[in-house]
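J.: Provided herewith: final-v3.cif, mmCIF, C-alpha atoms.
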data_final
loop_
_atom_site.label_atom_id
_atom_site.label_comp_id
_atom_site.auth_asym_id
_atom_site.auth_seq_id
_atom_site.Cartn_x
_atom_site.Cartn_y
_atom_site.Cartn_z
CA MET P 1 -25.47 205.39 4.47
CA ASN P 2 -24.27 202.61 2.18
CA GLN P 3 -27.18 200.29 1.57
CA ASN P 4 -24.83 197.30 1.71
CA SER P 5 -23.33 198.23 5.07
CA SER P 6 -26.29 198.29 7.38
CA ALA P 7 -29.56 196.51 7.73
CA ALA P 8 -32.76 198.30 6.84
CA GLY P 9 -34.02 200.38 9.73
CA GLU P 10 -30.62 200.71 11.45
CA ASN P 11 -30.59 204.49 11.43
CA PHE P 12 -27.76 204.76 13.93
CA SER P 13 -25.25 202.33 12.45
CA TRP P 14 -22.96 205.34 11.92
CA PHE P 15 -22.66 205.54 15.72
CA ARG P 16 -21.00 202.13 15.90
CA ASP P 17 -17.25 201.58 16.04
CA GLY P 18 -17.57 198.69 13.60
CA GLU P 19 -19.07 200.93 10.93
CA PHE P 20 -16.50 203.64 11.63
CA SER P 21 -13.76 201.06 11.01
CA ARG P 22 -15.47 199.54 7.97
CA GLN P 23 -15.78 202.90 6.26
CA THR P 24 -12.11 203.64 6.95
CA LEU P 25 -11.31 200.60 4.81
CA ALA P 26 -14.20 200.47 2.35
CA GLY P 27 -15.67 203.97 2.39
CA LEU P 28 -14.86 207.11 0.44
CA ASN P 29 -11.20 207.37 1.38
CA PRO P 30 -9.53 203.95 1.48
CA TYR P 31 -6.11 205.56 0.85
CA SER P 32 -5.20 207.05 4.22
CA LEU P 33 -5.01 204.05 6.54
CA GLN P 34 -1.38 203.16 7.29
CA LEU P 35 0.34 200.14 8.76
CA VAL P 36 2.14 201.12 11.98
CA THR P 37 5.81 200.27 11.52
CA GLU P 38 7.50 202.54 14.09
CA TRP P 39 7.02 202.53 17.85
CA PRO P 40 6.69 204.57 19.96
CA ILE P 41 4.67 207.06 17.92
CA LYS P 42 6.29 210.49 17.66
CA SER P 43 5.65 213.69 15.76
CA LYS P 44 8.27 214.83 13.27
CA LEU P 45 7.31 218.50 13.65
CA ASP P 46 9.51 221.09 15.37
CA LEU P 47 8.81 220.72 19.09
CA LYS P 48 9.85 224.35 19.70
CA ILE P 49 6.85 225.44 17.61
CA TYR P 50 4.33 222.66 18.09
CA GLY P 51 5.18 221.31 21.53
CA PRO P 52 6.25 217.87 22.79
CA SER P 53 6.49 215.23 20.07
CA GLU P 54 5.61 212.17 22.16
CA SER P 55 2.20 210.63 21.54
CA LEU P 56 -0.17 209.74 24.37
CA ILE P 57 -0.78 206.42 22.62
CA THR P 58 1.54 204.26 24.68
CA THR P 59 2.42 200.59 24.94
CA GLU P 60 0.49 200.33 28.22
CA LEU P 61 -2.62 201.87 26.68
CA VAL P 62 -2.59 199.58 23.63
CA GLU P 63 -2.02 196.39 25.59
CA LYS P 64 -4.80 197.37 27.96
CA GLU P 65 -7.23 198.02 25.08
CA ILE P 66 -6.47 194.74 23.30
CA LYS P 67 -6.92 193.01 26.65
CA GLY P 68 -3.74 190.95 26.69
CA VAL P 69 -4.35 189.22 23.36
CA MET P 70 -0.72 189.93 22.47
CA THR P 71 2.09 192.34 23.32
CA ILE P 72 2.70 195.48 21.31
CA ASP P 73 5.86 193.93 19.83
CA GLU P 74 3.86 190.91 18.67
CA ALA P 75 1.15 193.15 17.23
CA LEU P 76 3.70 195.15 15.24
CA LYS P 77 5.49 192.03 14.03
CA GLN P 78 2.22 190.40 12.95
CA LYS P 79 1.08 193.64 11.23
CA LYS P 80 -1.96 194.10 13.44
CA MET P 81 -1.65 197.85 14.14
CA PHE P 82 -2.99 200.48 11.73
CA MET P 83 -3.35 204.23 11.99
CA LEU P 84 -5.27 207.08 10.40
CA ASP P 85 -2.68 209.80 10.91
CA TYR P 86 -3.61 213.45 10.37
CA HIS P 87 -1.44 214.73 13.22
CA ASP P 88 1.59 216.25 11.52
CA LEU P 89 -0.42 217.07 8.39
CA LEU P 90 -3.04 219.23 10.13
CA LEU P 91 -1.31 220.55 13.24
CA PRO P 92 0.47 223.45 11.43
CA TYR P 93 -2.94 224.76 10.28
CA VAL P 94 -4.87 224.45 13.54
CA ASN P 95 -4.42 227.97 14.88
CA LYS P 96 -5.06 229.56 11.48
CA VAL P 97 -8.26 227.56 10.94
CA ARG P 98 -9.49 228.46 14.41
CA GLU P 99 -9.46 232.12 13.45
CA ILE P 100 -12.50 231.35 11.27
CA GLU P 101 -15.74 231.81 13.18
CA ALA P 102 -17.49 228.59 14.23
CA THR P 103 -14.69 226.40 12.90
CA THR P 104 -12.12 224.32 14.71
CA LEU P 105 -9.38 221.83 13.93
CA TYR P 106 -6.99 219.43 15.65
CA GLY P 107 -4.10 217.25 14.65
CA SER P 108 -5.39 213.70 15.04
CA ARG P 109 -4.24 210.11 15.25
CA THR P 110 -6.64 207.16 15.25
CA LEU P 111 -5.23 203.74 16.12
CA PHE P 112 -6.86 200.49 14.94
CA PHE P 113 -6.21 196.86 15.81
CA LEU P 114 -6.74 194.04 13.30
CA THR P 115 -8.73 191.42 15.22
CA MET P 116 -8.57 187.65 14.81
CA ASP P 117 -11.69 187.70 12.60
CA GLY P 118 -9.99 190.09 10.15
CA THR P 119 -11.92 193.23 11.07
CA LEU P 120 -10.53 196.50 12.41
CA ARG P 121 -11.33 197.75 15.90
CA PRO P 122 -10.59 201.37 16.86
CA LEU P 123 -8.51 201.53 20.05
CA ALA P 124 -7.80 205.21 20.61
CA ILE P 125 -8.06 208.71 19.18
CA GLU P 126 -5.52 211.38 20.07
CA LEU P 127 -6.43 215.03 19.42
CA THR P 128 -3.80 217.77 19.65
CA ARG P 129 -3.84 221.56 19.64
CA PRO P 130 -0.46 223.31 19.28
CA PRO P 131 0.63 226.10 21.63
CA VAL P 132 -1.25 229.35 21.08
CA GLY P 133 -0.64 232.65 22.86
CA ASP P 134 0.19 231.87 26.48
CA LYS P 135 -1.44 228.42 26.30
CA PRO P 136 0.84 225.38 26.01
CA GLN P 137 0.20 222.45 23.72
CA TRP P 138 -3.03 220.58 24.56
CA LYS P 139 -3.56 216.96 23.72
CA GLN P 140 -5.92 214.29 25.00
CA LEU P 141 -6.48 210.62 24.38
CA PHE P 142 -9.98 209.22 23.92
CA THR P 143 -10.90 205.55 24.04
CA PRO P 144 -14.16 203.61 23.77
CA GLY P 145 -15.66 203.85 27.25
CA TRP P 146 -18.43 202.25 29.26
CA ASP P 147 -19.73 205.21 31.23
CA GLY P 148 -21.91 207.84 29.59
CA THR P 149 -19.37 210.68 29.67
CA SER P 150 -16.50 208.76 28.07
CA CYS P 151 -18.87 207.22 25.50
CA TRP P 152 -20.01 210.66 24.33
CA LEU P 153 -16.47 212.04 24.34
CA TRP P 154 -15.46 209.09 22.16
CA LYS P 155 -18.32 209.84 19.74
CA LEU P 156 -17.28 213.49 19.56
CA ALA P 157 -13.66 212.52 18.93
CA LYS P 158 -14.80 210.25 16.07
CA ALA P 159 -16.76 213.17 14.58
CA HIS P 160 -13.59 215.29 14.54
CA VAL P 161 -11.64 212.47 12.87
CA CYS P 162 -14.38 212.05 10.24
CA ALA P 163 -14.13 215.77 9.46
CA HIS P 164 -10.35 215.46 9.06
CA ASP P 165 -10.74 212.45 6.79
CA ALA P 166 -13.48 214.16 4.75
CA GLY P 167 -11.27 217.19 4.20
CA TYR P 168 -8.30 215.07 3.16
CA HIS P 169 -10.49 213.00 0.85
CA GLN P 170 -11.95 216.03 -0.90
CA LEU P 171 -8.81 218.15 -1.20
CA VAL P 172 -6.07 215.53 -1.54
CA ALA P 173 -7.25 212.01 -2.42
CA LYS P 174 -9.84 213.27 -4.93
CA ASP P 175 -8.72 216.70 -6.11
CA SER P 176 -4.93 216.94 -5.79
CA LEU P 177 -4.10 213.29 -6.50
CA LEU P 178 -6.75 212.90 -9.17
CA HIS P 179 -8.18 215.96 -10.92
CA TRP P 180 -5.10 218.19 -10.77
CA ALA P 181 -2.59 215.38 -11.33
CA ILE P 182 -4.51 213.97 -14.30
CA HIS P 183 -4.95 217.52 -15.63
CA HIS P 184 -1.19 217.60 -16.25
CA PHE P 185 -1.19 214.24 -18.06
CA SER P 186 -3.54 215.56 -20.74
CA ASP P 187 -2.73 214.73 -24.32
CA ARG P 188 -0.73 217.84 -25.24
CA GLN P 189 2.06 217.21 -27.79
CA LEU P 190 0.18 214.19 -29.17
CA SER P 191 -1.66 214.58 -32.47
CA ALA P 192 -5.24 213.32 -32.71
CA MET P 193 -3.99 210.55 -35.00
CA HIS P 194 -1.39 209.26 -32.54
CA PRO P 195 -2.32 205.82 -31.13
CA ILE P 196 -1.51 206.87 -27.54
CA TYR P 197 -3.76 209.92 -27.92
CA ARG P 198 -6.59 207.62 -28.99
CA LEU P 199 -5.98 205.33 -26.02
CA LEU P 200 -5.94 208.14 -23.44
CA HIS P 201 -8.50 210.52 -24.91
CA PRO P 202 -11.63 208.84 -23.41
CA HIS P 203 -10.08 209.13 -19.94
CA PHE P 204 -9.53 212.90 -20.27
CA ARG P 205 -13.04 213.81 -21.42
CA TYR P 206 -14.31 216.94 -19.64
CA THR P 207 -11.33 216.99 -17.24
CA MET P 208 -10.42 220.56 -18.17
CA GLU P 209 -14.04 221.75 -17.93
CA ILE P 210 -14.61 220.05 -14.56
CA ASN P 211 -11.40 221.48 -13.13
CA ALA P 212 -12.28 224.98 -14.40
CA LEU P 213 -15.69 224.80 -12.74
CA ALA P 214 -14.08 223.55 -9.52
CA ARG P 215 -11.71 226.51 -9.49
CA GLU P 216 -14.66 228.85 -9.88
CA SER P 217 -16.91 227.57 -7.09
CA LEU P 218 -15.54 224.54 -5.24
CA ILE P 219 -11.90 225.21 -4.28
CA ASN P 220 -11.79 228.98 -4.78
CA ALA P 221 -11.27 231.36 -1.85
CA GLY P 222 -14.45 231.33 0.18
CA GLY P 223 -15.80 228.46 -1.92
CA ILE P 224 -17.59 225.34 -0.75
CA SER P 225 -14.44 223.35 0.11
CA GLU P 226 -13.02 226.19 2.20
CA SER P 227 -16.26 226.97 4.03
CA CYS P 228 -17.65 223.46 4.50
CA PHE P 229 -14.63 221.08 4.74
CA SER P 230 -11.70 220.62 7.12
CA PRO P 231 -8.63 221.28 5.41
CA GLY P 232 2.12 200.55 3.30
CA MET P 233 -1.15 198.83 3.00
CA ALA P 234 0.36 196.06 0.83
CA VAL P 235 3.65 194.24 0.56
CA GLU P 236 5.37 192.75 -2.45
CA ASP P 237 4.81 188.99 -2.57
CA PRO P 238 5.88 187.04 -5.67
CA THR P 239 3.64 184.15 -4.59
CA ALA P 240 0.53 186.36 -4.51
CA GLU P 241 -1.73 186.37 -7.57
CA HIS P 242 -0.99 189.99 -8.44
CA GLY P 243 2.51 190.26 -6.94
CA LEU P 244 1.16 192.21 -3.95
CA LYS P 245 -0.44 190.98 -0.76
CA PRO P 246 -2.77 193.41 1.08
CA SER P 247 -1.98 193.73 4.78
CA ILE P 248 -5.70 193.30 5.54
CA GLU P 249 -7.51 190.40 3.91
CA ASP P 250 -10.93 192.07 3.89
CA TYR P 251 -9.83 195.20 2.00
CA PRO P 252 -12.22 195.58 -0.95
CA PHE P 253 -10.47 198.56 -2.50
CA ALA P 254 -7.14 196.70 -2.69
CA ASN P 255 -8.55 193.28 -3.56
CA ASP P 256 -10.78 194.49 -6.38
CA GLY P 257 -8.35 197.22 -7.42
CA LEU P 258 -5.51 194.75 -8.01
CA ILE P 259 -7.69 192.70 -10.36
CA LEU P 260 -8.72 195.86 -12.21
CA TRP P 261 -5.08 196.96 -12.42
CA ASP P 262 -4.02 193.67 -14.01
CA THR P 263 -6.96 193.75 -16.41
CA ILE P 264 -6.18 197.30 -17.59
CA LYS P 265 -2.47 196.53 -17.79
CA GLN P 266 -3.04 193.54 -20.07
CA TRP P 267 -5.21 195.63 -22.41
CA VAL P 268 -2.61 198.42 -22.47
CA ARG P 269 0.20 195.91 -23.11
CA ASP P 270 -1.67 194.34 -26.04
CA TYR P 271 -2.33 197.81 -27.45
CA VAL P 272 1.20 199.18 -26.98
CA ASN P 273 2.95 196.05 -28.28
CA HIS P 274 0.91 196.24 -31.48
CA TYR P 275 1.98 199.82 -32.22
CA TYR P 276 5.52 199.45 -30.85
CA PRO P 277 6.66 195.96 -31.95
CA ASP P 278 10.31 197.03 -31.87
CA PRO P 279 11.64 198.05 -28.40
CA SER P 280 13.46 201.03 -29.92
CA LEU P 281 10.29 202.59 -31.35
CA ALA P 282 9.11 204.09 -28.05
CA GLU P 283 12.33 206.03 -27.49
CA SER P 284 12.44 207.23 -31.11
CA ASP P 285 8.81 208.43 -31.12
CA GLU P 286 9.34 212.21 -30.94
CA GLU P 287 5.68 213.03 -30.19
CA LEU P 288 5.62 210.54 -27.34
CA GLN P 289 8.88 211.76 -25.87
CA ASP P 290 7.80 215.42 -26.16
CA TRP P 291 4.56 214.53 -24.32
CA TRP P 292 6.42 212.80 -21.51
CA THR P 293 8.95 215.62 -21.22
CA GLU P 294 6.16 218.20 -20.96
CA VAL P 295 4.32 216.12 -18.36
CA ARG P 296 7.42 216.15 -16.15
CA THR P 297 8.91 219.58 -16.81
CA LYS P 298 5.81 221.72 -17.42
CA GLY P 299 2.88 219.86 -15.91
CA HIS P 300 4.77 219.05 -12.71
CA ALA P 301 7.53 221.65 -12.87
CA ASP P 302 7.96 221.71 -9.09
CA LYS P 303 8.74 217.98 -9.15
CA LYS P 304 10.64 217.77 -12.44
CA ASP P 305 13.96 216.81 -10.81
CA GLU P 306 12.60 214.15 -8.48
CA PRO P 307 14.36 210.77 -8.82
CA TRP P 308 11.13 208.77 -8.77
CA TRP P 309 9.97 209.76 -12.26
CA PRO P 310 9.83 206.62 -14.42
CA VAL P 311 11.87 206.59 -17.60
CA LEU P 312 10.13 206.15 -20.94
CA LYS P 313 12.49 204.26 -23.20
CA THR P 314 10.81 200.93 -23.95
CA PRO P 315 7.28 199.74 -24.75
CA GLU P 316 7.11 198.15 -21.29
CA ASP P 317 7.97 201.52 -19.71
CA LEU P 318 5.10 202.99 -21.70
CA VAL P 319 2.76 200.19 -20.56
CA ASN P 320 3.49 200.97 -16.90
CA VAL P 321 3.02 204.74 -17.37
CA LEU P 322 -0.25 204.40 -19.29
CA THR P 323 -1.65 201.78 -16.89
CA THR P 324 -1.05 204.12 -13.96
CA ILE P 325 -2.72 207.06 -15.71
CA ILE P 326 -5.77 205.04 -16.76
CA CYS P 327 -6.17 203.37 -13.36
CA VAL P 328 -6.06 206.74 -11.60
CA ALA P 329 -8.52 208.34 -14.02
CA ALA P 330 -10.88 205.34 -13.94
CA GLY P 331 -10.63 203.08 -10.86
CA HIS P 332 -9.31 205.68 -8.43
CA HIS P 333 -11.89 208.25 -9.51
CA ALA P 334 -14.77 205.79 -9.29
CA ALA P 335 -13.70 204.67 -5.81
CA VAL P 336 -13.44 208.15 -4.29
CA ASN P 337 -16.16 209.95 -6.23
CA PHE P 338 -19.37 208.07 -6.97
CA GLY P 339 -20.10 207.03 -3.38
CA GLN P 340 -19.94 210.57 -2.02
CA TYR P 341 -23.65 211.19 -1.64
CA VAL P 342 -24.33 207.68 -0.33
CA TYR P 343 -21.79 208.07 2.47
CA ALA P 344 -21.66 211.82 3.12
CA GLY P 345 -25.10 213.01 2.05
CA TYR P 346 -26.25 212.05 5.56
CA PHE P 347 -23.92 214.40 7.42
CA PRO P 348 -23.85 212.68 10.85
CA ASN P 349 -22.22 209.69 9.15
CA ARG P 350 -19.45 211.82 7.64
CA PRO P 351 -19.39 215.42 8.91
CA THR P 352 -17.25 217.57 6.64
CA ILE P 353 -16.32 220.10 9.31
CA ALA P 354 -16.21 220.37 13.10
CA ARG P 355 -17.46 223.67 14.52
CA THR P 356 -16.71 223.35 18.24
CA ASN P 357 -13.78 222.27 20.38
CA MET P 358 -13.86 219.19 22.54
CA PRO P 359 -15.60 220.12 25.82
CA THR P 360 -12.55 218.89 27.76
CA GLU P 361 -10.08 221.21 26.01
CA ASP P 362 -10.56 224.36 28.08
CA HIS P 363 -13.02 223.00 30.64
CA VAL P 364 -15.20 226.10 30.53
CA ASP P 365 -17.62 225.39 33.38
CA ASP P 366 -20.86 226.26 31.61
CA GLU P 367 -19.94 224.44 28.41
CA PHE P 368 -18.78 221.32 30.21
CA LYS P 369 -21.90 221.27 32.36
CA ASN P 370 -23.98 221.57 29.22
CA PHE P 371 -22.09 218.62 27.74
CA LEU P 372 -22.71 216.51 30.86
CA HIS P 373 -26.39 217.45 30.85
CA LYS P 374 -27.16 217.16 27.12
CA PRO P 375 -24.25 215.60 25.21
CA GLU P 376 -26.37 215.00 22.12
CA PHE P 377 -26.93 218.75 21.71
CA VAL P 378 -23.19 219.37 22.01
CA MET P 379 -22.62 216.84 19.23
CA LEU P 380 -25.22 218.52 17.00
CA LYS P 381 -23.51 221.86 17.61
CA CYS P 382 -20.20 220.32 16.56
CA PHE P 383 -21.66 219.01 13.30
CA PRO P 384 -21.91 221.24 10.19
CA SER P 385 -24.57 223.94 10.35
CA GLN P 386 -27.80 223.53 8.40
CA ILE P 387 -26.58 225.76 5.59
CA GLN P 388 -23.21 223.96 5.44
CA ALA P 389 -24.85 220.53 5.43
CA THR P 390 -27.33 221.61 2.75
CA LYS P 391 -24.58 222.95 0.50
CA VAL P 392 -22.54 219.77 0.89
CA MET P 393 -25.56 217.56 0.19
CA ALA P 394 -26.35 219.49 -2.99
CA VAL P 395 -22.75 219.39 -4.25
CA LEU P 396 -22.26 215.72 -3.44
CA ASP P 397 -25.51 214.80 -5.14
CA VAL P 398 -24.24 216.42 -8.33
CA LEU P 399 -20.72 214.95 -8.04
CA SER P 400 -22.01 211.44 -7.36
CA ASN P 401 -24.34 211.29 -10.34
CA HIS P 402 -23.26 209.62 -13.55
CA SER P 403 -23.43 211.81 -16.64
CA PRO P 404 -25.89 210.74 -19.33
CA TYR P 405 -22.81 210.76 -21.60
CA GLU P 406 -20.78 208.59 -19.21
CA GLU P 407 -18.35 206.21 -20.88
CA TYR P 408 -17.55 203.00 -19.02
CA LEU P 409 -14.38 200.97 -19.25
CA GLY P 410 -14.60 198.34 -21.97
CA ASP P 411 -18.00 199.58 -23.13
CA GLN P 412 -17.37 201.60 -26.30
CA MET P 413 -14.82 200.71 -28.92
CA GLU P 414 -13.11 203.51 -30.83
CA PRO P 415 -14.04 203.35 -34.54
CA SER P 416 -10.38 203.05 -35.55
CA TRP P 417 -9.95 200.05 -33.24
CA ALA P 418 -12.88 198.25 -34.83
CA GLU P 419 -11.07 198.50 -38.17
CA ASN P 420 -7.92 196.89 -36.77
CA PRO P 421 -8.41 193.13 -36.16
CA VAL P 422 -5.59 192.90 -33.57
CA ILE P 423 -6.79 195.86 -31.50
CA LYS P 424 -10.43 194.84 -31.87
CA ALA P 425 -9.67 191.36 -30.49
CA ALA P 426 -7.61 192.84 -27.62
CA PHE P 427 -10.42 195.24 -26.71
CA GLU P 428 -13.00 192.44 -26.76
CA ARG P 429 -10.81 190.41 -24.38
CA PHE P 430 -10.50 193.46 -22.14
CA SER P 431 -14.27 193.99 -22.16
CA GLY P 432 -14.86 190.34 -21.30
CA ARG P 433 -12.43 190.43 -18.36
CA LEU P 434 -14.16 193.54 -17.00
CA LYS P 435 -17.52 191.74 -17.06
CA GLU P 436 -15.92 188.88 -15.12
CA LEU P 437 -14.57 191.37 -12.56
CA GLU P 438 -18.02 192.95 -12.25
CA GLY P 439 -19.42 189.53 -11.38
CA ILE P 440 -16.68 188.91 -8.79
CA ILE P 441 -17.36 192.27 -7.11
CA ASP P 442 -21.14 191.76 -7.14
CA GLU P 443 -20.75 188.31 -5.58
CA SER P 444 -18.37 189.53 -2.86
CA SER P 445 -20.76 192.36 -1.98
CA LEU P 446 -23.65 190.05 -1.14
#
Will you turn the file into structure tokens for me?

T.:
Amino acid sequence: MNQNSSAAGENFSWFRDGEFSRQTLAGLNPYSLQLVTEWPIKSKLDLKIYGPSESLITTELVEKEIKGVMTIDEALKQKKMFMLDYHDLLLPYVNKVREIEATTLYGSRTLFFLTMDGTLRPLAIELTRPPVGDKPQWKQLFTPGWDGTSCWLWKLAKAHVCAHDAGYHQLVAKDSLLHWAIHHFSDRQLSAMHPIYRLLHPHFRYTMEINALARESLINAGGISESCFSPGMAVEDPTAEHGLKPSIEDYPFANDGLILWDTIKQWVRDYVNHYYPDPSLAESDEELQDWWTEVRTKGHADKKDEPWWPVLKTPEDLVNVLTTIICVAAGHHAAVNFGQYVYAGYFPNRPTIARTNMPTEDHVDDEFKNFLHKPEFVMLKCFPSQIQATKVMAVLDVLSNHSPYEEYLGDQMEPSWAENPVIKAAFERFSGRLKELEGIIDESSL
């Protein structure tokens, strides 16, 4: 558990809805929470294959759970409804995953309400299994209850959602969007003397080696990820300090991340403007243009014709591209990586896989009676096995540790920068701003 999130001695804080919500915003995967903008909620999958598209999360259910504080229309208009949505993403894989012994999966939706005090409260979890064989689609809605049975069903549903979120975090937010994406932005086509190579090189250290090791033992067939894991949060606001206003005020990842983004961007702008004082120099730099072409056409060949690729014609274009790369390699990686053992080393807090179906899915008499009699044992059976939990703990301990050769933003100046008075001064300003940000974060964490 995060030492800052629960008082000493509170061994079961992970049971609480408040901690479940807090970790959705400020835990390992702060990327997946979405603002609800469409109502009613519907699946976009083919209903002939996956069954009815309508969600069980209805207007009546939501207004009942928020106890008449406002109508659903008011909640949507005031941006009070948020969702962790792994329904359409996971549903196509459910039947395939269930072929693996002692492994299960659902499509899931978790709905949250932003309360008047600025905290999230989970309202409902919907779990769905697509049609299989002669069985039709199964789906059920779970809400925080007051009787023992519904309370334990709610806890089990949260465990399934945590497994979904853990799988997405490990395979998408951390690996696909970070390691494999950054892999393709490596400094090919740039000579070691090129100023952009020197700027990016510290952020690519060991990326190739780490990714090669991951392919060997972490994401390979039968590897740890496969055997132990389940496969609009801001709006533009010119009056806001950073041009963006987070939809949730108490959103540490966004609040601190925006300051870090601006700090990195200013350093990159100072650096780029020194080496490209004339706007035409960026477009005429053949090494730079060859690098950017290879990133798009070779590194991301399957996406090379997408319209969203930024152009690289001016120094300001280059500033935006480099800021994005550095922020992903630095801030993004730190946010989703170094807290892994703290949050997920204790597996009940963040189970990486669910091994059993919800006891209400098939209503097998013996299993359901066992759940009613000893629900805590059913939950333990749903959690990762001892060997799975041990493997995950060992891997996360390694991944969460800082290397003895770790380089920190703003800490070490390249020798060539120290010889250039303009770059040296810009780097010292950058380092000073980072120390200020560190103080802001430390203060807000008290």

J.: Let me have the centre and edge lengths of the axis-aligned box enclosing all listed atoms of segment 348-361 of chain P with 3 Å padding on every side, in Å to one decimal, as lines of an AutoDock Vina configuration file.

T.:
center_x = -17.0
center_y = 216.7
center_z = 17.2
size_x = 19.8
size_y = 20.0
size_z = 27.1

J.: I need the output of the PyMOL selection byres ((chain P and resi 95) around 9) for this file as a compact mmCIF listing (two decimals) with C-alpha atoms, in the coordinates of the input; which residues are they?

T.:
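What landed in expr12.txt:
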# COMPACT_ATOMS: atom_id res chain seq x y z
CA LEU P 91 -1.31 220.55 13.24
CA PRO P 92 0.47 223.45 11.43
CA TYR P 93 -2.94 224.76 10.28
CA VAL P 94 -4.87 224.45 13.54
CA LYS P 96 -5.06 229.56 11.48
CA VAL P 97 -8.26 227.56 10.94
CA ARG P 98 -9.49 228.46 14.41
CA GLU P 99 -9.46 232.12 13.45
CA THR P 104 -12.12 224.32 14.71
CA LEU P 105 -9.38 221.83 13.93
CA TYR P 106 -6.99 219.43 15.65
CA ARG P 129 -3.84 221.56 19.64
CA PRO P 130 -0.46 223.31 19.28
CA PRO P 131 0.63 226.10 21.63
CA VAL P 132 -1.25 229.35 21.08

J.: Kindly resolve the PyMOL selection byres ((chain P and resi 384) around 7) on the present coordinates and return the residues as number ranges by chain.

T.: P: 351-355, 382-383, 385-386, 388-389

J.: Residues at most 12 Å from Ser191 of chain P, counting only C-alpha atoms, excluding those fewer than 5 positions away in the same chain, as a list of chain:residue names?

T.: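 So the residues in contact are P:Ser186, P:Ile196, P:Tyr197, P:Arg198, P:Leu200, P:His201, P:Glu286, P:Glu287, P:Leu288, P:Asp290, P:Trp291.
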
J.: With distances taken over only C-alpha atoms, which residue among P:Leu84, P:Glu419, P:Glu428, P:Ala163 lies nearest Pro348 of chain P?

T.: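 Result for the nearest residue to Pro348 of chain P: P:Ala163.
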
J.: One decimal, Å: what's the distance from atom CA of Val36 of chain P over to atom CA of Ser247 of chain P, could you say?

T.: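 For atom CA of Val36 of chain P relative to atom CA of Ser247 of chain P, the distance reads 11.1 Å.
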